[in-house]
Amino acid sequence: MVGNSLYWLLSGNWFGILEFNLDRQSLSVINVPVEIIDVGSCLLTVMQAEGGGLGFLFISENCIQLWKKKTDCDGVASWVLGRTVALDKLLSMNSKEGSQSPRILGFAEDNNAVLVWTFIGIFMVQFEALQFKKLFKSYCWFRYYPF
């Protein structure tokens, strides 16, 4: 939930974000940036952006990108890249050690943290402080709903 709307990730042959506006009782679909349309759902999650508003996290290679939806003075909405966090540097991963890309397992809105599976373990990464905590080692990954 962001503001007065609920959001869900739409995945399959195409990616987008489904919005249900509680005030207007209406549904709409929000397109994501073209460069991430063909990714798997484990690489993308909807969240509240820094400073409020709609955002999403996206893993590209060994980096997590935080995107935010911005509206200009004419009311035209677009996505802007807010911040990029290099996981391989933050978590001291050697990209030659593992062959699988990191995966987003879940996002905890209350503490602005994401659960990330990597080939060296499952981590909780907090973006504001750029801190991480290794939770455990796992060779498989699943979706989680942290609270």
# chains A, B, ... in the order shown; residues from 1 in each chain; ligands from 1
call {"tool": "residues_around", "arguments": {"residues": "segment 73-77 of chain A", "least_positions_apart": "5", "cutoff": "12 Å", "atoms": "only C-alpha atoms", "output": "list in words"}}
result
Ile30, Asn31, Val32, Pro33, Gly53, Leu54 and Lys68 of chain A
call {"tool": "write_last_selection", "arguments": {"atoms": "N, CA and C atoms", "output": "PDB file, in the first residue's frame"}}
result
ATOM      1  N   ILE A  30      -0.103   0.274 -14.537  1.00  0.00           N
ATOM      2  CA  ILE A  30       1.009   1.204 -14.711  1.00  0.00           C
ATOM      3  C   ILE A  30       2.137   0.449 -15.401  1.00  0.00           C
ATOM      4  N   ASN A  31       2.619   0.977 -16.499  1.00  0.00           N
ATOM      5  CA  ASN A  31       3.737   0.358 -17.210  1.00  0.00           C
ATOM      6  C   ASN A  31       5.030   0.585 -16.445  1.00  0.00           C
ATOM      7  N   VAL A  32       5.948  -0.381 -16.573  1.00  0.00           N
ATOM      8  CA  VAL A  32       7.280  -0.227 -16.008  1.00  0.00           C
ATOM      9  C   VAL A  32       8.219   0.199 -17.126  1.00  0.00           C
ATOM     10  N   PRO A  33       9.416   0.696 -16.799  1.00  0.00           N
ATOM     11  CA  PRO A  33      10.336   1.126 -17.864  1.00  0.00           C
ATOM     12  C   PRO A  33      10.618  -0.001 -18.866  1.00  0.00           C
ATOM     13  N   GLY A  53       5.409   7.974  -2.287  1.00  0.00           N
ATOM     14  CA  GLY A  53       5.040   7.693  -3.675  1.00  0.00           C
ATOM     15  C   GLY A  53       5.377   6.268  -4.060  1.00  0.00           C
ATOM     16  N   LEU A  54       4.979   5.903  -5.267  1.00  0.00           N
ATOM     17  CA  LEU A  54       5.171   4.554  -5.774  1.00  0.00           C
ATOM     18  C   LEU A  54       6.597   4.358  -6.258  1.00  0.00           C
ATOM     19  N   LYS A  68      11.560   5.362  -8.882  1.00  0.00           N
ATOM     20  CA  LYS A  68      10.459   6.138  -8.315  1.00  0.00           C
ATOM     21  C   LYS A  68       9.625   6.723  -9.445  1.00  0.00           C
TER      22      LYS A  68
END
call {"tool": "residues_around", "arguments": {"residues": "Met47 of chain A", "least_positions_apart": "6", "cutoff": "12 Å", "atoms": "only C-alpha atoms", "output": "PyMOL selection string"}}
result
chain A and resi 1-3+5-9+17+53-58+66-69+106-114
call {"tool": "write_last_selection", "arguments": {"atoms": "N, CA, C and O atoms", "output": "mmCIF file, in the first residue's frame"}}
result
data_model
loop_
_atom_site.group_PDB
_atom_site.id
_atom_site.type_symbol
_atom_site.label_atom_id
_atom_site.label_comp_id
_atom_site.auth_asym_id
_atom_site.auth_seq_id
_atom_site.Cartn_x
_atom_site.Cartn_y
_atom_site.Cartn_z
ATOM 1 N N MET A 1 0.845 -1.183 0.000
ATOM 2 C CA MET A 1 0.000 0.000 0.000
ATOM 3 C C MET A 1 0.886 1.240 0.000
ATOM 4 O O MET A 1 1.835 1.333 0.772
ATOM 5 N N VAL A 2 0.591 2.146 -0.894
ATOM 6 C CA VAL A 2 1.287 3.428 -0.972
ATOM 7 C C VAL A 2 0.215 4.495 -1.081
ATOM 8 O O VAL A 2 -0.614 4.457 -1.995
ATOM 9 N N GLY A 3 0.220 5.435 -0.150
ATOM 10 C CA GLY A 3 -0.821 6.461 -0.145
ATOM 11 C C GLY A 3 -2.179 5.816 0.035
ATOM 12 O O GLY A 3 -2.380 5.003 0.935
ATOM 13 N N SER A 5 -3.613 3.837 -2.264
ATOM 14 C CA SER A 5 -3.727 2.818 -3.301
ATOM 15 C C SER A 5 -2.988 1.543 -2.901
ATOM 16 O O SER A 5 -1.979 1.592 -2.206
ATOM 17 N N LEU A 6 -3.517 0.423 -3.392
ATOM 18 C CA LEU A 6 -2.869 -0.871 -3.249
ATOM 19 C C LEU A 6 -2.230 -1.219 -4.582
ATOM 20 O O LEU A 6 -2.800 -0.949 -5.646
ATOM 21 N N TYR A 7 -1.035 -1.837 -4.540
ATOM 22 C CA TYR A 7 -0.310 -2.163 -5.761
ATOM 23 C C TYR A 7 0.117 -3.620 -5.758
ATOM 24 O O TYR A 7 0.501 -4.154 -4.721
ATOM 25 N N TRP A 8 0.057 -4.234 -6.948
ATOM 26 C CA TRP A 8 0.525 -5.596 -7.138
ATOM 27 C C TRP A 8 1.351 -5.646 -8.409
ATOM 28 O O TRP A 8 1.035 -4.990 -9.397
ATOM 29 N N LEU A 9 2.360 -6.502 -8.396
ATOM 30 C CA LEU A 9 3.166 -6.725 -9.579
ATOM 31 C C LEU A 9 2.424 -7.675 -10.510
ATOM 32 O O LEU A 9 1.929 -8.717 -10.083
ATOM 33 N N ILE A 17 2.362 -2.901 -13.214
ATOM 34 C CA ILE A 17 1.922 -2.770 -11.824
ATOM 35 C C ILE A 17 0.426 -2.468 -11.843
ATOM 36 O O ILE A 17 -0.022 -1.550 -12.531
ATOM 37 N N GLY A 53 5.409 7.974 -2.287
ATOM 38 C CA GLY A 53 5.040 7.693 -3.675
ATOM 39 C C GLY A 53 5.377 6.268 -4.060
ATOM 40 O O GLY A 53 5.982 5.509 -3.312
ATOM 41 N N LEU A 54 4.979 5.903 -5.267
ATOM 42 C CA LEU A 54 5.171 4.554 -5.774
ATOM 43 C C LEU A 54 6.597 4.358 -6.258
ATOM 44 O O LEU A 54 7.183 5.226 -6.900
ATOM 45 N N GLY A 55 7.133 3.187 -5.960
ATOM 46 C CA GLY A 55 8.466 2.840 -6.424
ATOM 47 C C GLY A 55 8.568 1.345 -6.632
ATOM 48 O O GLY A 55 7.633 0.603 -6.365
ATOM 49 N N PHE A 56 9.701 0.910 -7.121
ATOM 50 C CA PHE A 56 9.974 -0.520 -7.190
ATOM 51 C C PHE A 56 11.472 -0.749 -7.116
ATOM 52 O O PHE A 56 12.283 0.133 -7.399
ATOM 53 N N LEU A 57 11.823 -1.955 -6.669
ATOM 54 C CA LEU A 57 13.206 -2.408 -6.629
ATOM 55 C C LEU A 57 13.412 -3.331 -7.815
ATOM 56 O O LEU A 57 12.548 -4.142 -8.134
ATOM 57 N N PHE A 58 14.587 -3.251 -8.400
ATOM 58 C CA PHE A 58 14.909 -4.074 -9.560
ATOM 59 C C PHE A 58 16.357 -4.514 -9.444
ATOM 60 O O PHE A 58 17.236 -3.698 -9.180
ATOM 61 N N LEU A 66 16.694 1.316 -7.231
ATOM 62 C CA LEU A 66 15.463 1.826 -6.650
ATOM 63 C C LEU A 66 14.893 2.860 -7.611
ATOM 64 O O LEU A 66 15.528 3.874 -7.879
ATOM 65 N N TRP A 67 13.712 2.580 -8.153
ATOM 66 C CA TRP A 67 13.039 3.457 -9.108
ATOM 67 C C TRP A 67 11.868 4.155 -8.422
ATOM 68 O O TRP A 67 11.257 3.600 -7.521
ATOM 69 N N LYS A 68 11.560 5.362 -8.882
ATOM 70 C CA LYS A 68 10.459 6.138 -8.315
ATOM 71 C C LYS A 68 9.625 6.723 -9.445
ATOM 72 O O LYS A 68 10.159 7.163 -10.465
ATOM 73 N N LYS A 69 8.306 6.713 -9.234
ATOM 74 C CA LYS A 69 7.399 7.320 -10.211
ATOM 75 C C LYS A 69 7.300 8.811 -9.900
ATOM 76 O O LYS A 69 6.980 9.208 -8.789
ATOM 77 N N GLY A 106 11.761 -10.784 -0.918
ATOM 78 C CA GLY A 106 10.665 -10.052 -0.289
ATOM 79 C C GLY A 106 11.128 -8.681 0.145
ATOM 80 O O GLY A 106 12.328 -8.385 0.168
ATOM 81 N N PHE A 107 10.173 -7.827 0.504
ATOM 82 C CA PHE A 107 10.470 -6.462 0.939
ATOM 83 C C PHE A 107 9.677 -6.164 2.199
ATOM 84 O O PHE A 107 8.480 -6.447 2.251
ATOM 85 N N ALA A 108 10.340 -5.639 3.228
ATOM 86 C CA ALA A 108 9.691 -5.266 4.480
ATOM 87 C C ALA A 108 9.541 -3.750 4.511
ATOM 88 O O ALA A 108 10.523 -3.025 4.622
ATOM 89 N N GLU A 109 8.295 -3.276 4.384
ATOM 90 C CA GLU A 109 8.038 -1.840 4.311
ATOM 91 C C GLU A 109 8.391 -1.116 5.608
ATOM 92 O O GLU A 109 8.854 0.013 5.579
ATOM 93 N N ASP A 110 8.156 -1.765 6.747
ATOM 94 C CA ASP A 110 8.347 -1.090 8.029
ATOM 95 C C ASP A 110 9.783 -0.637 8.271
ATOM 96 O O ASP A 110 10.013 0.409 8.861
ATOM 97 N N ASN A 111 10.747 -1.427 7.848
ATOM 98 C CA ASN A 111 12.142 -1.023 8.086
ATOM 99 C C ASN A 111 12.923 -0.809 6.790
ATOM 100 O O ASN A 111 14.142 -0.745 6.811
ATOM 101 N N ASN A 112 12.215 -0.698 5.662
ATOM 102 C CA ASN A 112 12.838 -0.384 4.378
ATOM 103 C C ASN A 112 13.986 -1.353 4.075
ATOM 104 O O ASN A 112 15.091 -0.945 3.759
ATOM 105 N N ALA A 113 13.684 -2.642 4.209
ATOM 106 C CA ALA A 113 14.702 -3.673 3.989
ATOM 107 C C ALA A 113 14.198 -4.682 2.970
ATOM 108 O O ALA A 113 13.006 -4.960 2.877
ATOM 109 N N VAL A 114 15.125 -5.225 2.231
ATOM 110 C CA VAL A 114 14.802 -6.245 1.235
ATOM 111 C C VAL A 114 15.554 -7.521 1.594
ATOM 112 O O VAL A 114 16.676 -7.476 2.084
#
call {"tool": "atom_distance", "arguments": {"atom1": "atom CA of Val29 of chain A", "atom2": "atom CA of Ser78 of chain A"}}
result
13.6 Å
call {"tool": "residues_around", "arguments": {"residues": "Ile64 of chain A", "least_positions_apart": "4", "cutoff": "7 Å", "atoms": "only C-alpha atoms", "output": "PyMOL selection string"}}
result
chain A and resi 57-60+84-87
call {"tool": "residues_around", "arguments": {"residues": "Asn21 of chain A", "least_positions_apart": "2", "cutoff": "8 Å", "atoms": "only C-alpha atoms", "output": "JSON list (two decimals) with N, CA, C and O atoms, in the first residue's frame"}}
result
[["chain", "number", "residue", "atom", "x", "y", "z"],
["A", 4, "ASN", "N", -3.11, 6.14, -0.85],
["A", 4, "ASN", "CA", -4.46, 5.57, -0.80],
["A", 4, "ASN", "C", -4.69, 4.49, -1.86],
["A", 4, "ASN", "O", -5.82, 4.28, -2.29],
["A", 5, "SER", "N", -3.61, 3.84, -2.26],
["A", 5, "SER", "CA", -3.73, 2.82, -3.30],
["A", 5, "SER", "C", -2.99, 1.54, -2.90],
["A", 5, "SER", "O", -1.98, 1.59, -2.21],
["A", 6, "LEU", "N", -3.52, 0.42, -3.39],
["A", 6, "LEU", "CA", -2.87, -0.87, -3.25],
["A", 6, "LEU", "C", -2.23, -1.22, -4.58],
["A", 6, "LEU", "O", -2.80, -0.95, -5.65],
["A", 19, "GLU", "N", -2.81, -1.12, -10.02],
["A", 19, "GLU", "CA", -3.14, -0.17, -8.95],
["A", 19, "GLU", "C", -4.64, -0.22, -8.67],
["A", 19, "GLU", "O", -5.45, -0.14, -9.59],
["A", 23, "ASP", "N", -9.81, 5.43, -2.85],
["A", 23, "ASP", "CA", -10.72, 6.57, -2.86],
["A", 23, "ASP", "C", -11.70, 6.52, -4.02],
["A", 23, "ASP", "O", -12.90, 6.70, -3.86],
["A", 24, "ARG", "N", -11.18, 6.27, -5.22],
["A", 24, "ARG", "CA", -12.02, 6.25, -6.43],
["A", 24, "ARG", "C", -12.61, 4.88, -6.73],
["A", 24, "ARG", "O", -13.42, 4.75, -7.64],
["A", 25, "GLN", "N", -12.14, 3.84, -5.99],
["A", 25, "GLN", "CA", -12.58, 2.46, -6.24],
["A", 25, "GLN", "C", -12.36, 2.09, -7.70],
["A", 25, "GLN", "O", -13.26, 1.59, -8.38],
["A", 26, "SER", "N", -11.13, 2.34, -8.18],
["A", 26, "SER", "CA", -10.83, 2.09, -9.58],
["A", 26, "SER", "C", -9.53, 1.29, -9.73],
["A", 26, "SER", "O", -8.65, 1.36, -8.87],
["A", 27, "LEU", "N", -9.46, 0.54, -10.82],
["A", 27, "LEU", "CA", -8.27, -0.23, -11.17],
["A", 27, "LEU", "C", -7.58, 0.40, -12.37],
["A", 27, "LEU", "O", -8.23, 0.89, -13.29]]
call {"tool": "select_by_dssp", "arguments": {"residues": "segment 10-81 of chain A", "states": "strand (DSSP E)", "output": "PyMOL selection string"}}
result
chain A and resi 10+16-21+26-31+44-48+54-60+63-71+77-81
call {"tool": "residues_around", "arguments": {"residues": "Phe136 of chain A", "least_positions_apart": "5", "cutoff": "12 Å", "atoms": "only C-alpha atoms", "output": "MDAnalysis selection string"}}
result
chainID A and resid 115:124 141
call {"tool": "decode", "arguments": {"residues": "segment 15-144 of chain A", "atoms": "C-alpha atoms", "output": "mmCIF file, in the first residue's frame"}}
result
data_model
loop_
_atom_site.group_PDB
_atom_site.id
_atom_site.type_symbol
_atom_site.label_atom_id
_atom_site.label_comp_id
_atom_site.auth_asym_id
_atom_site.auth_seq_id
_atom_site.Cartn_x
_atom_site.Cartn_y
_atom_site.Cartn_z
ATOM 1 C CA PHE A 15 5.357 -6.777 -16.609
ATOM 2 C CA GLY A 16 3.388 -3.959 -15.101
ATOM 3 C CA ILE A 17 1.922 -2.770 -11.824
ATOM 4 C CA LEU A 18 -1.773 -3.085 -11.000
ATOM 5 C CA GLU A 19 -3.141 -0.170 -8.952
ATOM 6 C CA PHE A 20 -6.378 -0.211 -6.971
ATOM 7 C CA ASN A 21 -7.249 3.318 -5.830
ATOM 8 C CA LEU A 22 -9.247 3.057 -2.603
ATOM 9 C CA ASP A 23 -10.720 6.572 -2.856
ATOM 10 C CA ARG A 24 -12.020 6.250 -6.427
ATOM 11 C CA GLN A 25 -12.584 2.458 -6.238
ATOM 12 C CA SER A 26 -10.826 2.085 -9.584
ATOM 13 C CA LEU A 27 -8.270 -0.235 -11.174
ATOM 14 C CA SER A 28 -5.492 0.806 -13.516
ATOM 15 C CA VAL A 29 -2.292 -0.653 -14.928
ATOM 16 C CA ILE A 30 1.009 1.204 -14.711
ATOM 17 C CA ASN A 31 3.737 0.358 -17.210
ATOM 18 C CA VAL A 32 7.280 -0.227 -16.008
ATOM 19 C CA PRO A 33 10.336 1.126 -17.864
ATOM 20 C CA VAL A 34 10.938 -0.587 -21.206
ATOM 21 C CA GLU A 35 14.417 -1.846 -20.262
ATOM 22 C CA ILE A 36 13.022 -4.158 -17.549
ATOM 23 C CA ILE A 37 9.955 -5.580 -19.287
ATOM 24 C CA ASP A 38 11.527 -8.990 -20.002
ATOM 25 C CA VAL A 39 12.853 -9.834 -16.507
ATOM 26 C CA GLY A 40 11.664 -12.507 -14.113
ATOM 27 C CA SER A 41 9.372 -11.612 -11.222
ATOM 28 C CA CYS A 42 12.105 -12.565 -8.734
ATOM 29 C CA LEU A 43 14.108 -9.565 -9.936
ATOM 30 C CA LEU A 44 11.426 -6.930 -9.306
ATOM 31 C CA THR A 45 9.214 -5.899 -6.360
ATOM 32 C CA VAL A 46 6.796 -3.011 -5.796
ATOM 33 C CA MET A 47 7.449 -0.732 -2.807
ATOM 34 C CA GLN A 48 6.993 2.761 -1.436
ATOM 35 C CA ALA A 49 9.715 5.002 -2.840
ATOM 36 C CA GLU A 50 12.081 7.067 -0.738
ATOM 37 C CA GLY A 51 10.232 10.238 0.214
ATOM 38 C CA GLY A 52 6.847 8.604 -0.500
ATOM 39 C CA GLY A 53 5.040 7.693 -3.675
ATOM 40 C CA LEU A 54 5.171 4.554 -5.774
ATOM 41 C CA GLY A 55 8.466 2.840 -6.424
ATOM 42 C CA PHE A 56 9.974 -0.520 -7.190
ATOM 43 C CA LEU A 57 13.206 -2.408 -6.629
ATOM 44 C CA PHE A 58 14.909 -4.074 -9.560
ATOM 45 C CA ILE A 59 17.995 -6.303 -9.604
ATOM 46 C CA SER A 60 20.237 -5.850 -12.618
ATOM 47 C CA GLU A 61 23.418 -7.932 -12.623
ATOM 48 C CA ASN A 62 24.700 -7.523 -9.016
ATOM 49 C CA CYS A 63 23.045 -4.145 -8.389
ATOM 50 C CA ILE A 64 19.709 -3.236 -6.831
ATOM 51 C CA GLN A 65 18.102 -0.231 -8.460
ATOM 52 C CA LEU A 66 15.463 1.826 -6.650
ATOM 53 C CA TRP A 67 13.039 3.457 -9.108
ATOM 54 C CA LYS A 68 10.459 6.138 -8.315
ATOM 55 C CA LYS A 69 7.399 7.320 -10.211
ATOM 56 C CA LYS A 70 7.551 11.088 -10.753
ATOM 57 C CA THR A 71 4.881 13.395 -12.126
ATOM 58 C CA ASP A 72 5.899 16.629 -13.880
ATOM 59 C CA CYS A 73 4.090 19.976 -13.709
ATOM 60 C CA ASP A 74 1.866 18.928 -16.663
ATOM 61 C CA GLY A 75 0.716 15.786 -14.849
ATOM 62 C CA VAL A 76 2.777 13.419 -17.024
ATOM 63 C CA ALA A 77 4.150 10.482 -15.024
ATOM 64 C CA SER A 78 7.467 8.773 -15.707
ATOM 65 C CA TRP A 79 9.917 6.488 -13.909
ATOM 66 C CA VAL A 80 13.257 7.829 -12.676
ATOM 67 C CA LEU A 81 16.165 5.885 -11.240
ATOM 68 C CA GLY A 82 16.630 7.040 -7.669
ATOM 69 C CA ARG A 83 19.504 4.999 -6.307
ATOM 70 C CA THR A 84 21.706 2.040 -7.189
ATOM 71 C CA VAL A 85 23.265 -0.244 -4.583
ATOM 72 C CA ALA A 86 26.148 -2.469 -5.721
ATOM 73 C CA LEU A 87 25.495 -5.791 -3.970
ATOM 74 C CA ASP A 88 28.815 -7.313 -4.997
ATOM 75 C CA LYS A 89 30.676 -4.522 -3.181
ATOM 76 C CA LEU A 90 28.322 -4.249 -0.191
ATOM 77 C CA LEU A 91 28.257 -8.015 0.425
ATOM 78 C CA SER A 92 31.852 -8.695 -0.727
ATOM 79 C CA MET A 93 30.696 -11.084 -3.425
ATOM 80 C CA ASN A 94 33.161 -12.248 -6.027
ATOM 81 C CA SER A 95 31.128 -12.516 -9.225
ATOM 82 C CA LYS A 96 33.454 -15.278 -10.491
ATOM 83 C CA GLU A 97 32.472 -17.536 -7.547
ATOM 84 C CA GLY A 98 28.792 -17.869 -8.398
ATOM 85 C CA SER A 99 26.952 -18.229 -11.648
ATOM 86 C CA GLN A 100 23.423 -17.276 -10.552
ATOM 87 C CA SER A 101 22.253 -13.693 -10.257
ATOM 88 C CA PRO A 102 20.807 -12.430 -6.957
ATOM 89 C CA ARG A 103 17.035 -12.700 -6.442
ATOM 90 C CA ILE A 104 14.604 -10.533 -4.477
ATOM 91 C CA LEU A 105 12.799 -12.722 -1.939
ATOM 92 C CA GLY A 106 10.665 -10.052 -0.289
ATOM 93 C CA PHE A 107 10.470 -6.462 0.939
ATOM 94 C CA ALA A 108 9.691 -5.266 4.480
ATOM 95 C CA GLU A 109 8.038 -1.840 4.311
ATOM 96 C CA ASP A 110 8.347 -1.090 8.029
ATOM 97 C CA ASN A 111 12.142 -1.023 8.086
ATOM 98 C CA ASN A 112 12.838 -0.384 4.378
ATOM 99 C CA ALA A 113 14.702 -3.673 3.989
ATOM 100 C CA VAL A 114 14.802 -6.245 1.235
ATOM 101 C CA LEU A 115 15.540 -9.961 1.545
ATOM 102 C CA VAL A 116 17.985 -10.997 -1.153
ATOM 103 C CA TRP A 117 19.139 -14.473 -2.146
ATOM 104 C CA THR A 118 22.718 -14.680 -3.412
ATOM 105 C CA PHE A 119 24.986 -17.642 -4.039
ATOM 106 C CA ILE A 120 26.731 -16.876 -0.708
ATOM 107 C CA GLY A 121 23.536 -16.744 1.388
ATOM 108 C CA ILE A 122 20.293 -14.928 2.147
ATOM 109 C CA PHE A 123 20.719 -11.347 3.339
ATOM 110 C CA MET A 124 18.546 -8.594 4.727
ATOM 111 C CA VAL A 125 19.723 -5.303 3.179
ATOM 112 C CA GLN A 126 18.612 -1.965 4.691
ATOM 113 C CA PHE A 127 18.943 0.793 2.127
ATOM 114 C CA GLU A 128 18.964 3.961 4.186
ATOM 115 C CA ALA A 129 21.923 2.862 6.327
ATOM 116 C CA LEU A 130 23.407 0.610 3.611
ATOM 117 C CA GLN A 131 23.705 -2.153 6.193
ATOM 118 C CA PHE A 132 23.238 -5.848 5.690
ATOM 119 C CA LYS A 133 22.848 -8.942 7.806
ATOM 120 C CA LYS A 134 23.414 -12.493 6.636
ATOM 121 C CA LEU A 135 20.398 -14.529 7.750
ATOM 122 C CA PHE A 136 21.392 -18.011 6.588
ATOM 123 C CA LYS A 137 22.864 -20.018 3.730
ATOM 124 C CA SER A 138 20.456 -21.587 1.259
ATOM 125 C CA TYR A 139 20.939 -23.159 -2.142
ATOM 126 C CA CYS A 140 17.323 -22.596 -3.150
ATOM 127 C CA TRP A 141 15.210 -19.469 -3.036
ATOM 128 C CA PHE A 142 11.533 -18.791 -2.419
ATOM 129 C CA ARG A 143 9.257 -15.749 -2.123
ATOM 130 C CA TYR A 144 8.888 -14.408 1.409
#
